[in-house]
$ cat target-v5.cif   # mmCIF, C-alpha atoms and all ligand atoms
data_coords
loop_
_atom_site.label_atom_id
_atom_site.label_comp_id
_atom_site.auth_asym_id
_atom_site.auth_seq_id
_atom_site.Cartn_x
_atom_site.Cartn_y
_atom_site.Cartn_z
CA MET A 22 38.92 -140.56 174.21
CA SER A 23 42.67 -141.00 174.45
CA GLN A 24 43.03 -141.63 170.72
CA LEU A 25 41.39 -138.29 169.94
CA ASN A 26 44.11 -136.49 171.88
CA ALA A 27 46.75 -138.30 169.83
CA TYR A 28 45.64 -136.49 166.67
CA PRO A 29 44.55 -132.96 167.60
CA GLU A 30 45.02 -131.64 164.05
CA ALA A 31 42.79 -134.39 162.63
CA LYS A 32 40.18 -133.64 165.30
CA GLU A 33 40.17 -129.98 164.26
CA LEU A 34 39.87 -131.01 160.63
CA LEU A 35 36.79 -133.16 161.32
CA ASN A 36 35.21 -130.25 163.20
CA PHE A 37 35.97 -127.90 160.31
CA ILE A 38 34.33 -130.28 157.82
CA ASP A 39 31.30 -130.78 160.06
CA ARG A 40 30.86 -126.99 160.10
CA SER A 41 31.38 -126.70 156.32
CA PRO A 42 28.69 -128.67 154.47
CA SER A 43 29.06 -126.55 151.32
CA PRO A 44 31.85 -124.47 149.69
CA TRP A 45 30.02 -121.30 150.84
CA HIS A 46 30.13 -122.48 154.44
CA ALA A 47 33.80 -123.47 154.06
CA ALA A 48 34.74 -119.97 152.85
CA ALA A 49 32.67 -118.31 155.59
CA ASN A 50 34.32 -120.46 158.26
CA MET A 51 37.80 -119.67 156.94
CA ALA A 52 36.95 -115.96 156.84
CA GLU A 53 35.82 -116.13 160.45
CA GLN A 54 39.10 -117.77 161.51
CA LEU A 55 41.15 -115.22 159.56
CA THR A 56 39.24 -112.31 161.08
CA ALA A 57 39.73 -113.71 164.57
CA ALA A 58 43.48 -113.93 163.83
CA GLY A 59 43.59 -110.23 162.89
CA TYR A 60 43.42 -110.59 159.08
CA GLN A 61 41.57 -107.75 157.41
CA GLN A 62 39.01 -108.40 154.66
CA LEU A 63 39.51 -106.49 151.40
CA ASN A 64 36.90 -105.86 148.72
CA GLU A 65 37.88 -106.27 145.09
CA SER A 66 35.76 -103.24 144.23
CA ASP A 67 37.77 -100.91 146.51
CA PRO A 68 41.29 -99.52 146.18
CA TRP A 69 43.77 -101.37 148.42
CA SER A 70 46.33 -99.84 150.71
CA LEU A 71 48.54 -102.57 152.14
CA GLN A 72 51.01 -102.52 155.04
CA PRO A 73 54.10 -104.79 154.96
CA GLY A 74 53.78 -107.52 157.60
CA SER A 75 49.98 -107.33 157.76
CA GLY A 76 47.46 -110.04 156.90
CA TYR A 77 44.51 -109.68 154.51
CA PHE A 78 41.94 -111.81 152.73
CA VAL A 79 39.66 -111.45 149.71
CA ILE A 80 36.55 -113.48 148.87
CA ARG A 81 35.13 -113.80 145.36
CA ASP A 82 31.45 -114.73 145.14
CA GLU A 83 31.32 -116.29 148.60
CA SER A 84 33.12 -119.56 147.89
CA SER A 85 36.69 -118.76 146.75
CA LEU A 86 39.04 -117.11 149.22
CA ILE A 87 42.60 -115.82 149.03
CA ALA A 88 44.43 -114.96 152.25
CA PHE A 89 47.87 -113.37 152.38
CA GLN A 90 50.37 -112.05 154.84
CA LEU A 91 52.76 -109.51 153.37
CA GLY A 92 56.46 -110.10 153.91
CA ALA A 93 59.05 -107.62 155.09
CA GLU A 94 60.38 -107.50 151.50
CA THR A 95 58.43 -106.85 148.31
CA PRO A 96 57.22 -109.80 146.20
CA ALA A 97 59.53 -108.65 143.39
CA SER A 98 62.54 -109.24 145.62
CA SER A 99 61.37 -112.28 147.64
CA GLY A 100 58.43 -113.81 145.77
CA PHE A 101 55.19 -115.39 146.98
CA SER A 102 55.04 -118.64 148.95
CA LEU A 103 51.75 -119.96 147.54
CA ILE A 104 49.52 -122.77 148.79
CA GLY A 105 46.46 -123.66 146.68
CA ALA A 106 43.53 -126.00 147.29
CA HIS A 107 39.83 -126.31 146.42
CA THR A 108 36.74 -125.64 148.52
CA ASP A 109 34.22 -127.75 146.57
CA SER A 110 33.50 -131.46 146.68
CA PRO A 111 31.54 -133.70 144.29
CA GLY A 112 27.92 -134.25 145.20
CA LEU A 113 24.30 -133.48 144.39
CA ARG A 114 22.88 -130.00 143.76
CA VAL A 115 19.19 -129.06 143.94
CA LYS A 116 17.54 -127.92 140.67
CA PRO A 117 15.56 -124.63 140.44
CA ASN A 118 12.14 -126.34 140.15
CA PRO A 119 13.03 -129.47 142.08
CA ALA A 120 9.81 -131.00 143.39
CA ILE A 121 8.72 -134.28 141.78
CA GLU A 122 5.39 -135.52 143.15
CA ASN A 123 4.10 -139.06 142.85
CA LYS A 124 1.49 -140.83 144.98
CA ASP A 125 1.69 -138.25 147.77
CA LEU A 126 5.47 -138.45 148.02
CA VAL A 127 7.77 -135.56 147.10
CA ARG A 128 11.24 -136.13 145.71
CA ILE A 129 13.80 -133.44 144.91
CA GLY A 130 15.37 -133.21 141.47
CA VAL A 131 19.15 -132.92 141.62
CA GLU A 132 22.04 -132.37 139.27
CA VAL A 133 25.28 -134.29 139.68
CA TYR A 134 28.09 -131.90 140.64
CA GLY A 135 31.51 -133.24 139.57
CA GLY A 136 32.20 -136.96 139.82
CA PRO A 137 30.75 -138.43 143.03
CA ILE A 138 30.44 -142.20 143.60
CA LEU A 139 26.66 -142.03 143.32
CA ALA A 140 25.90 -145.31 145.10
CA THR A 141 27.53 -143.95 148.28
CA PHE A 142 24.77 -141.34 148.59
CA VAL A 143 22.13 -144.08 148.84
CA ASP A 144 20.66 -144.95 152.27
CA ARG A 145 22.43 -142.09 154.03
CA ASP A 146 20.85 -139.39 156.19
CA LEU A 147 21.27 -136.49 153.79
CA GLY A 148 21.48 -132.92 154.97
CA LEU A 149 20.93 -129.82 152.85
CA ALA A 150 23.05 -126.67 152.93
CA GLY A 151 24.05 -123.81 150.67
CA ARG A 152 23.12 -120.24 149.90
CA LEU A 153 19.94 -118.40 149.05
CA VAL A 154 19.62 -115.14 147.17
CA TYR A 155 16.59 -113.21 148.39
CA ARG A 156 15.01 -109.79 148.25
CA ASP A 157 15.54 -107.80 151.41
CA GLN A 158 13.68 -104.45 151.45
CA GLY A 159 14.17 -103.93 147.73
CA GLN A 160 17.84 -105.06 147.71
CA LEU A 161 19.33 -108.41 146.76
CA ALA A 162 20.97 -110.22 149.64
CA THR A 163 22.46 -113.68 150.20
CA ARG A 164 22.18 -115.92 153.20
CA LEU A 165 23.77 -119.25 154.09
CA VAL A 166 21.33 -121.97 155.08
CA ARG A 167 21.79 -125.32 156.71
CA PHE A 168 19.06 -127.61 157.92
CA PRO A 169 19.94 -128.81 161.45
CA THR A 170 18.75 -132.38 160.88
CA PRO A 171 18.84 -134.79 157.92
CA ILE A 172 15.92 -134.02 155.63
CA MET A 173 16.35 -136.28 152.61
CA ARG A 174 17.23 -139.83 151.66
CA ILE A 175 17.75 -141.96 148.56
CA PRO A 176 16.27 -145.32 149.60
CA SER A 177 17.75 -148.33 147.84
CA LEU A 178 15.59 -150.97 146.19
CA ALA A 179 15.16 -154.14 148.25
CA ILE A 180 17.35 -157.01 147.08
CA HIS A 181 14.13 -158.97 146.46
CA MET A 182 13.48 -156.69 143.47
CA ASP A 183 17.11 -156.49 142.34
CA ARG A 184 18.77 -159.87 142.71
CA GLN A 185 21.82 -158.77 140.73
CA VAL A 186 22.79 -155.86 142.97
CA ASN A 187 25.75 -157.78 144.44
CA THR A 188 27.02 -159.00 141.09
CA LYS A 189 26.27 -156.07 138.80
CA GLY A 190 26.55 -153.23 141.35
CA LEU A 191 24.16 -150.54 142.51
CA LEU A 192 23.41 -148.49 139.40
CA LEU A 193 21.13 -145.45 139.47
CA ASP A 194 19.53 -143.61 136.59
CA LYS A 195 20.55 -140.01 137.33
CA GLN A 196 17.33 -138.46 136.09
CA THR A 197 14.73 -140.89 137.43
CA GLN A 198 16.26 -142.81 140.36
CA LEU A 199 18.72 -140.39 141.95
CA PRO A 200 16.24 -137.70 143.16
CA PRO A 201 16.15 -138.02 146.95
CA LEU A 202 12.93 -138.44 148.87
CA LEU A 203 11.97 -135.28 150.77
CA GLY A 204 8.79 -136.45 152.44
CA ALA A 205 5.02 -136.64 152.22
CA ALA A 206 3.14 -134.14 150.07
CA ASP A 207 1.17 -131.54 152.02
CA GLU A 208 -1.62 -129.18 150.94
CA LEU A 209 0.85 -126.96 149.04
CA PRO A 210 2.01 -127.89 145.54
CA GLY A 211 5.47 -129.51 145.74
CA GLN A 212 7.51 -126.55 144.46
CA GLN A 213 5.84 -124.26 147.00
CA GLN A 214 6.27 -126.80 149.76
CA PHE A 215 10.02 -126.85 149.13
CA ARG A 216 10.25 -123.05 149.01
CA GLN A 217 8.34 -122.85 152.28
CA LEU A 218 10.84 -125.20 153.93
CA LEU A 219 13.75 -123.08 152.71
CA ALA A 220 12.07 -119.86 153.78
CA ASP A 221 11.34 -121.22 157.27
CA GLN A 222 14.95 -122.31 157.63
CA ALA A 223 16.27 -118.92 156.47
CA GLU A 224 13.64 -117.04 158.50
CA ILE A 225 12.31 -115.14 155.50
CA GLU A 226 9.11 -115.32 153.42
CA PRO A 227 8.91 -117.78 150.48
CA ASP A 228 8.26 -114.99 147.95
CA GLN A 229 11.47 -113.24 149.01
CA ILE A 230 13.55 -116.17 147.69
CA LEU A 231 14.92 -115.49 144.20
CA SER A 232 17.41 -118.32 143.64
CA TRP A 233 19.66 -120.83 145.36
CA GLU A 234 22.66 -123.11 145.21
CA LEU A 235 22.05 -126.03 147.55
CA ASN A 236 24.25 -129.00 148.26
CA LEU A 237 23.20 -132.37 149.67
CA PHE A 238 25.66 -133.79 152.16
CA ASP A 239 26.05 -136.76 154.45
CA SER A 240 24.92 -135.49 157.84
CA GLN A 241 26.91 -138.06 159.85
CA PRO A 242 29.67 -136.20 161.73
CA GLY A 243 33.31 -137.08 161.19
CA SER A 244 34.77 -139.96 163.18
CA PHE A 245 38.00 -141.65 164.17
CA TYR A 246 38.06 -145.40 163.61
CA GLY A 247 40.48 -148.32 163.93
CA PRO A 248 41.77 -149.93 167.14
CA ALA A 249 43.85 -146.85 168.01
CA GLY A 250 41.63 -144.33 166.21
CA GLU A 251 44.36 -144.13 163.59
CA PHE A 252 41.98 -143.46 160.68
CA ILE A 253 39.39 -140.76 160.06
CA ALA A 254 36.14 -140.79 158.07
CA ASN A 255 34.05 -137.87 156.86
CA GLY A 256 32.63 -136.33 153.69
CA GLN A 257 34.66 -133.75 151.74
CA LEU A 258 38.14 -134.78 152.94
CA ASP A 259 38.87 -134.07 149.25
CA ASN A 260 39.64 -131.27 149.51
CA LEU A 261 38.70 -129.52 152.74
CA ALA A 262 41.62 -131.39 154.35
CA SER A 263 44.06 -129.40 152.17
CA CYS A 264 42.21 -126.11 152.77
CA HIS A 265 42.35 -126.72 156.50
CA ALA A 266 46.05 -127.69 156.40
CA GLY A 267 46.97 -124.57 154.39
CA LEU A 268 44.96 -122.20 156.57
CA THR A 269 46.26 -123.75 159.80
CA ALA A 270 49.86 -123.41 158.58
CA LEU A 271 49.28 -119.78 157.54
CA LEU A 272 47.71 -118.85 160.88
CA ALA A 273 50.52 -120.64 162.76
CA SER A 274 53.05 -118.39 160.99
CA GLN A 275 52.74 -115.51 163.44
CA GLU A 276 55.80 -113.48 162.52
CA PRO A 277 55.84 -112.10 158.98
CA GLY A 278 58.50 -113.62 156.74
CA GLN A 279 60.70 -111.91 154.16
CA GLN A 280 58.51 -113.29 151.38
CA THR A 281 54.72 -112.84 151.11
CA ARG A 282 52.64 -115.87 152.14
CA VAL A 283 49.48 -116.66 150.18
CA CYS A 284 46.78 -119.31 150.53
CA GLY A 285 44.26 -119.56 147.68
CA PHE A 286 41.16 -121.73 148.10
CA PHE A 287 39.04 -122.07 144.95
CA ASP A 288 35.56 -123.31 144.16
CA HIS A 289 34.65 -125.26 140.99
CA GLU A 290 37.72 -127.54 140.83
CA GLU A 291 35.50 -130.61 140.63
CA VAL A 292 33.81 -129.23 137.50
CA GLY A 293 36.96 -128.09 135.71
CA SER A 294 37.83 -124.77 137.44
CA THR A 295 36.58 -122.59 134.56
CA SER A 296 34.53 -119.82 136.19
CA ASN A 297 35.04 -116.31 137.51
CA LYS A 298 36.18 -117.71 140.84
CA GLY A 299 37.67 -121.06 139.77
CA ALA A 300 41.42 -121.65 139.57
CA ALA A 301 41.28 -121.22 135.79
CA GLY A 302 39.74 -117.78 136.29
CA SER A 303 41.54 -114.54 137.03
CA PHE A 304 41.12 -114.41 140.82
CA LEU A 305 44.63 -115.40 141.91
CA ALA A 306 46.45 -113.46 139.16
CA ASP A 307 44.28 -110.40 139.85
CA THR A 308 45.04 -110.56 143.56
CA LEU A 309 48.79 -111.08 143.19
CA GLN A 310 49.02 -108.31 140.59
CA ARG A 311 47.18 -105.93 142.90
CA ILE A 312 49.52 -106.78 145.77
CA CYS A 313 52.52 -106.01 143.55
CA ALA A 314 50.93 -102.82 142.24
CA ALA A 315 50.09 -101.63 145.77
CA LEU A 316 53.69 -101.99 146.86
CA GLU A 317 55.74 -101.08 143.78
CA SER A 318 55.40 -98.85 140.77
CA ASP A 319 57.74 -100.97 138.58
CA THR A 320 55.50 -102.49 135.90
CA THR A 321 57.66 -105.64 135.80
CA ALA A 322 57.32 -106.24 139.56
CA PHE A 323 54.66 -108.92 139.06
CA ARG A 324 56.78 -110.86 136.56
CA GLN A 325 59.81 -110.61 138.84
CA ALA A 326 57.68 -111.87 141.72
CA MET A 327 56.38 -114.84 139.70
CA ALA A 328 59.93 -115.83 138.76
CA ARG A 329 60.80 -116.01 142.48
CA SER A 330 57.58 -117.71 143.66
CA PHE A 331 56.63 -121.30 144.40
CA LEU A 332 53.19 -122.93 144.48
CA ILE A 333 52.23 -125.96 146.52
CA SER A 334 49.03 -127.25 144.94
CA ALA A 335 47.52 -129.43 147.65
CA ASP A 336 44.84 -131.98 146.85
CA MET A 337 44.27 -135.47 148.16
CA ALA A 338 46.16 -138.52 146.83
CA HIS A 339 45.05 -142.12 146.22
CA ALA A 340 46.21 -144.36 149.06
CA TRP A 341 46.92 -148.02 148.36
CA ASN A 342 43.83 -150.12 149.09
CA PRO A 343 44.65 -153.79 149.79
CA ALA A 344 41.28 -154.96 148.38
CA PHE A 345 42.13 -153.48 144.98
CA ALA A 346 45.91 -153.94 144.81
CA SER A 347 45.90 -154.35 141.02
CA SER A 348 44.57 -150.81 140.58
CA TYR A 349 47.91 -149.35 141.71
CA ASP A 350 51.47 -149.12 140.43
CA ASP A 351 53.13 -151.38 142.99
CA ALA A 352 56.29 -149.26 143.21
CA HIS A 353 54.23 -146.13 143.95
CA ALA A 354 51.69 -147.56 146.38
CA VAL A 355 51.39 -144.80 148.97
CA LYS A 356 50.37 -145.65 152.53
CA VAL A 357 47.77 -144.02 154.75
CA ASN A 358 49.62 -142.53 157.75
CA GLY A 359 52.83 -142.70 155.71
CA GLY A 360 53.13 -138.93 155.28
CA PRO A 361 52.53 -136.37 152.50
CA VAL A 362 52.57 -137.56 148.90
CA ILE A 363 54.30 -135.95 145.92
CA LYS A 364 52.17 -136.59 142.84
CA VAL A 365 54.06 -137.14 139.59
CA ASN A 366 52.62 -137.30 136.07
CA ALA A 367 54.78 -136.94 132.94
CA SER A 368 51.78 -135.61 130.97
CA GLN A 369 51.52 -132.73 133.46
CA ARG A 370 48.15 -133.71 134.85
CA TYR A 371 50.10 -132.89 138.01
CA SER A 372 52.35 -129.83 137.90
CA THR A 373 55.30 -131.53 139.63
CA GLU A 374 58.70 -131.40 137.87
CA ALA A 375 62.15 -132.48 139.04
CA VAL A 376 63.11 -129.21 140.73
CA SER A 377 59.80 -128.67 142.55
CA GLU A 378 59.86 -132.34 143.60
CA ALA A 379 63.32 -131.92 145.11
CA ILE A 380 62.35 -128.69 146.88
CA PHE A 381 59.28 -130.29 148.47
CA ALA A 382 61.18 -133.43 149.50
CA ASP A 383 63.73 -131.13 151.14
CA LEU A 384 60.95 -129.31 153.03
CA CYS A 385 59.69 -132.65 154.35
CA ALA A 386 63.18 -133.57 155.50
CA ALA A 387 63.55 -130.21 157.27
CA ALA A 388 60.15 -130.73 158.94
CA GLU A 389 61.18 -134.29 159.91
CA VAL A 390 58.18 -135.72 158.09
CA PRO A 391 58.33 -138.78 155.77
CA VAL A 392 57.46 -138.20 152.12
CA GLN A 393 55.93 -140.59 149.57
CA ARG A 394 55.70 -140.51 145.78
CA TYR A 395 52.61 -141.41 143.79
CA VAL A 396 52.33 -142.22 140.10
CA HIS A 397 49.04 -143.44 138.61
CA ARG A 398 49.09 -146.78 136.77
CA THR A 399 50.43 -146.19 133.25
CA ASP A 400 47.39 -147.94 131.76
CA LEU A 401 44.85 -145.77 133.62
CA PRO A 402 43.97 -142.13 132.82
CA CYS A 403 45.14 -139.80 135.58
CA GLY A 404 42.99 -137.14 137.28
CA SER A 405 44.17 -133.55 137.60
CA THR A 406 44.19 -130.64 140.05
CA ILE A 407 44.39 -126.86 140.16
CA GLY A 408 48.21 -127.19 140.00
CA PRO A 409 48.81 -127.30 136.22
CA ILE A 410 46.07 -124.69 135.58
CA THR A 411 47.52 -122.24 138.08
CA ALA A 412 51.13 -122.87 137.08
CA ALA A 413 50.21 -122.23 133.43
CA ALA A 414 48.25 -119.05 134.17
CA LEU A 415 50.90 -117.50 136.42
CA GLY A 416 54.08 -118.97 134.95
CA VAL A 417 55.04 -120.03 138.46
CA ARG A 418 57.06 -123.06 139.59
CA SER A 419 54.66 -125.56 141.11
CA ILE A 420 54.27 -128.96 142.71
CA ASP A 421 51.26 -131.20 143.29
CA VAL A 422 51.09 -132.87 146.67
CA GLY A 423 48.41 -134.24 148.97
CA ASN A 424 47.68 -136.60 151.78
CA PRO A 425 46.79 -140.23 151.04
CA MET A 426 43.13 -141.19 151.26
CA TRP A 427 40.68 -143.96 150.45
CA SER A 428 37.25 -143.70 148.82
CA MET A 429 37.91 -140.43 147.00
CA HIS A 430 34.57 -138.84 145.91
CA SER A 431 32.52 -141.11 148.14
CA ALA A 432 29.88 -139.44 150.33
CA ARG A 433 32.04 -140.68 153.19
CA GLU A 434 35.75 -140.62 152.50
CA SER A 435 38.56 -141.91 154.69
CA ALA A 436 42.18 -141.04 155.47
CA GLY A 437 44.92 -141.35 158.09
CA ALA A 438 44.64 -139.45 161.37
CA ALA A 439 48.41 -138.89 161.54
CA ASP A 440 48.90 -137.51 158.01
CA HIS A 441 47.03 -134.25 158.58
CA GLY A 442 49.42 -133.01 161.27
CA MET A 443 52.38 -133.98 159.07
CA MET A 444 51.07 -131.98 156.12
CA ILE A 445 50.55 -128.93 158.33
CA LYS A 446 54.16 -129.24 159.58
CA VAL A 447 55.54 -129.28 156.02
CA MET A 448 53.40 -126.31 155.01
CA GLU A 449 54.59 -124.38 158.07
CA GLN A 450 58.15 -125.21 157.08
CA PHE A 451 57.43 -123.93 153.55
CA LEU A 452 55.90 -120.67 154.79
CA SER A 453 58.68 -120.06 157.32
CA LYS A 454 61.55 -119.92 154.85
CA LYS A 455 62.67 -117.94 151.83
CA ILE A 456 61.93 -119.75 148.57
CA PRO A 457 65.07 -121.45 147.22
CA ALA A 458 66.41 -119.63 144.14
CA PHE A 459 66.76 -121.63 140.92
CO CO A 501 40.26 -132.85 144.88
#

$ encode --input "target-v5.cif" --output "structure tokens"
Amino acid sequence: MSQLNAYPEAKELLNFIDRSPSPWHAAANMAEQLTAAGYQQLNESDPWSLQPGSGYFVIRDESSLIAFQLGAETPASSGFSLIGAHTDSPGLRVKPNPAIENKDLVRIGVEVYGGPILATFVDRDLGLAGRLVYRDQGQLATRLVRFPTPIMRIPSLAIHMDRQVNTKGLLLDKQTQLPPLLGAADELPGQQQFRQLLADQAEIEPDQILSWELNLFDSQPGSFYGPAGEFIANGQLDNLASCHAGLTALLASQEPGQQTRVCGFFDHEEVGSTSNKGAAGSFLADTLQRICAALESDTTAFRQAMARSFLISADMAHAWNPAFASSYDDAHAVKVNGGPVIKVNASQRYSTEAVSEAIFADLCAAAEVPVQRYVHRTDLPCGSTIGPITAAALGVRSIDVGNPMWSMHSARESAGAADHGMMIKVMEQFLSKKIPAF
């Protein structure tokens, strides 16, 4: 147990992920923590009256959440210290008419959400969680559901029927071979059998259920591994680790600052961010504009605030993997447990530029945390984040950073146990100070 005590922040992160098997659960868990810390929930459909120094949060459609703590000064005079991350992870989502019956076995039709490594979902004890929309005494209502035990599995084909699996890889046809096995058929037709299961879990009647968004997840809890427990493994490290780091830093900042602190956690990053609640949508701009409007009548207050603000877009980074050394730029091979990573891309797939890079490196120095720099191989296409999208929409100075990890988009990802605490320290440092003027 001693190694667990060495990394209390990582332990809390693993607990947070275990409690958050879907973006809806992640947002609900963050809302619960914010409420417990005295933050007040606001509705977008109401007028807002805001008190300097107080903390608030807003949720859009149950899976994107923005929390803020007003500063002593207005945003127009001191700006917003912004941290952004995403609540969703790649995986498998249940279709509306999912049951596929064959020889008394029922499988569940799924869509691929984002870019998971599909083979990593095979032979795992899959759980199911998400939200239901149902009719409750004539009204529409939503409810989060989570099955307490694994209920599905994608069994692999025995090597005796696929002799090339170790030379050609485990390839699955998404339509015909990916649907997980639910169980044996019963007397109900398959679609009804599935609805009955959901209804029992949600403690409602099957005909009350109108629709759902359901996510399959690896039910194995997070773990520490390595001789000193120096590594962690869990699903959804990308990007619940950054959500957890941002929220922890915000809640650690007890005393209000001069500037207003904001954490924005957005759904739909893994599918391009274009939705009413994704980072390419209006949620963050709407919220920041309303904060400015609630505090000042000057119509240019929002633009003044943006010119003074700074965004840390936090998403995980690719750690050097010794088994695949040629996949990395050797001079930018970032190490697990080597500290936060600044992500640089000249084509602006990452929003980092020279000034934001220098500011973040300075924050790391002030927090006494090492900093690393990552650049993708020049001959490989680079992924992206919410950083460039948000920077473009708001016209705000921005940087892309993240902690190093292995197995990004696997059902079971892995990272360093020490890095999480370091990222929280840097974020606390960022939220504690006025944004440097440039
Ligand atoms: Co990500």

$ atom_distance --input "target-v5.cif" --atom1 "atom CA of A:Arg324" --atom2 "atom CA of A:Ser70"
20.8 Å

$ residues_near_point --input "target-v5.cif" --point "(65.4, -126.4, 156.2)" --cutoff "10 Å" --atoms "all atoms listed in the file" --output "number ranges by chain"
A: 383-389, 450-451, 453-455

$ residues_near_ligand --input "target-v5.cif" --ligand "ligand CO 501 (chain A)" --cutoff "8 Å" --atoms "all atoms listed in the file" --output "JSON, numbers by chain"
{"A": [106, 107, 110, 259, 260, 290, 291, 336, 337, 406]}

$ axis_aligned_box --input "target-v5.cif" --around "stretch 245-252 of chain A" --padding-each-side "4 Å" --output "JSON"
{"center_x": 41.2, "center_y": -145.8, "center_z": 164.3, "size_x": 14.4, "size_y": 16.3, "size_z": 15.3}

$ closest_residue --input "target-v5.cif" --among "A:Leu452, A:Ala439, A:Leu316, A:Leu209" --to "A:Phe101" --atoms "all atoms listed in the file"
A:Leu452

$ closest_atom_pairs --input "target-v5.cif" --of "stretch 143-180 of chain A" --to "stretch 79-92 of chain A" --cutoff "12 Å" --atoms "all atoms listed in the file" --output "CSV"
residue,atom,partner,partner_atom,distance
A:Gly151,CA,A:Ser84,CA,10.4
A:Arg152,CA,A:Glu83,CA,9.2
A:Leu153,CA,A:Glu83,CA,11.6
A:Val154,CA,A:Glu83,CA,11.8
A:Thr163,CA,A:Glu83,CA,9.4
A:Arg164,CA,A:Glu83,CA,10.2
A:Leu165,CA,A:Glu83,CA,9.8

$ atom_distance --input "target-v5.cif" --atom1 "atom CA of A:Asp400" --atom2 "atom CA of A:Tyr349"
10.1 Å

$ residues_around --input "target-v5.cif" --residues "A:Leu126" --least-positions-apart "3" --cutoff "8 Å" --atoms "all atoms listed in the file" --output "list in words"
Glu122, Asn123, Leu202, Leu203, Gly204, Ala205 and Ala206 of chain A

$ atom_distance --input "target-v5.cif" --atom1 "atom CA of A:Met448" --atom2 "atom CA of A:Ala270"
5.8 Å

$ residues_around --input "target-v5.cif" --residues "A:Gln325" --least-positions-apart "2" --cutoff "9 Å" --atoms "only C-alpha atoms" --output "list in words"
Pro96, Ala97, Ser98, Gly100, Thr321, Ala322, Phe323, Met327, Ala328, Arg329 and Ser330 of chain A

$ residues_around --input "target-v5.cif" --residues "A:Gly359" --least-positions-apart "2" --cutoff "8 Å" --atoms "only C-alpha atoms" --output "ChimeraX atom specification"
/A:355-357,361,391-393,440

$ closest_residue --input "target-v5.cif" --among "A:Ile407, A:Leu235, A:Val396, A:Leu309" --to "A:Ala352" --atoms "all atoms listed in the file"
A:Val396

$ closest_residue --input "target-v5.cif" --among "A:Met429, A:Ala220, A:Ile312, A:Ala379" --to "A:Leu63" --atoms "only C-alpha atoms"
A:Ile312

$ residues_around --input "target-v5.cif" --residues "A:Pro171" --least-positions-apart "5" --cutoff "8 Å" --atoms "all atoms listed in the file" --output "list of chain:residue names"
A:Asp146, A:Leu147, A:Gly148, A:Leu149, A:Ser240

$ closest_residue --input "target-v5.cif" --among "A:Ala432, A:Leu261, A:Ala57, A:Ala335" --to "A:Val143" --atoms "all atoms listed in the file"
A:Ala432
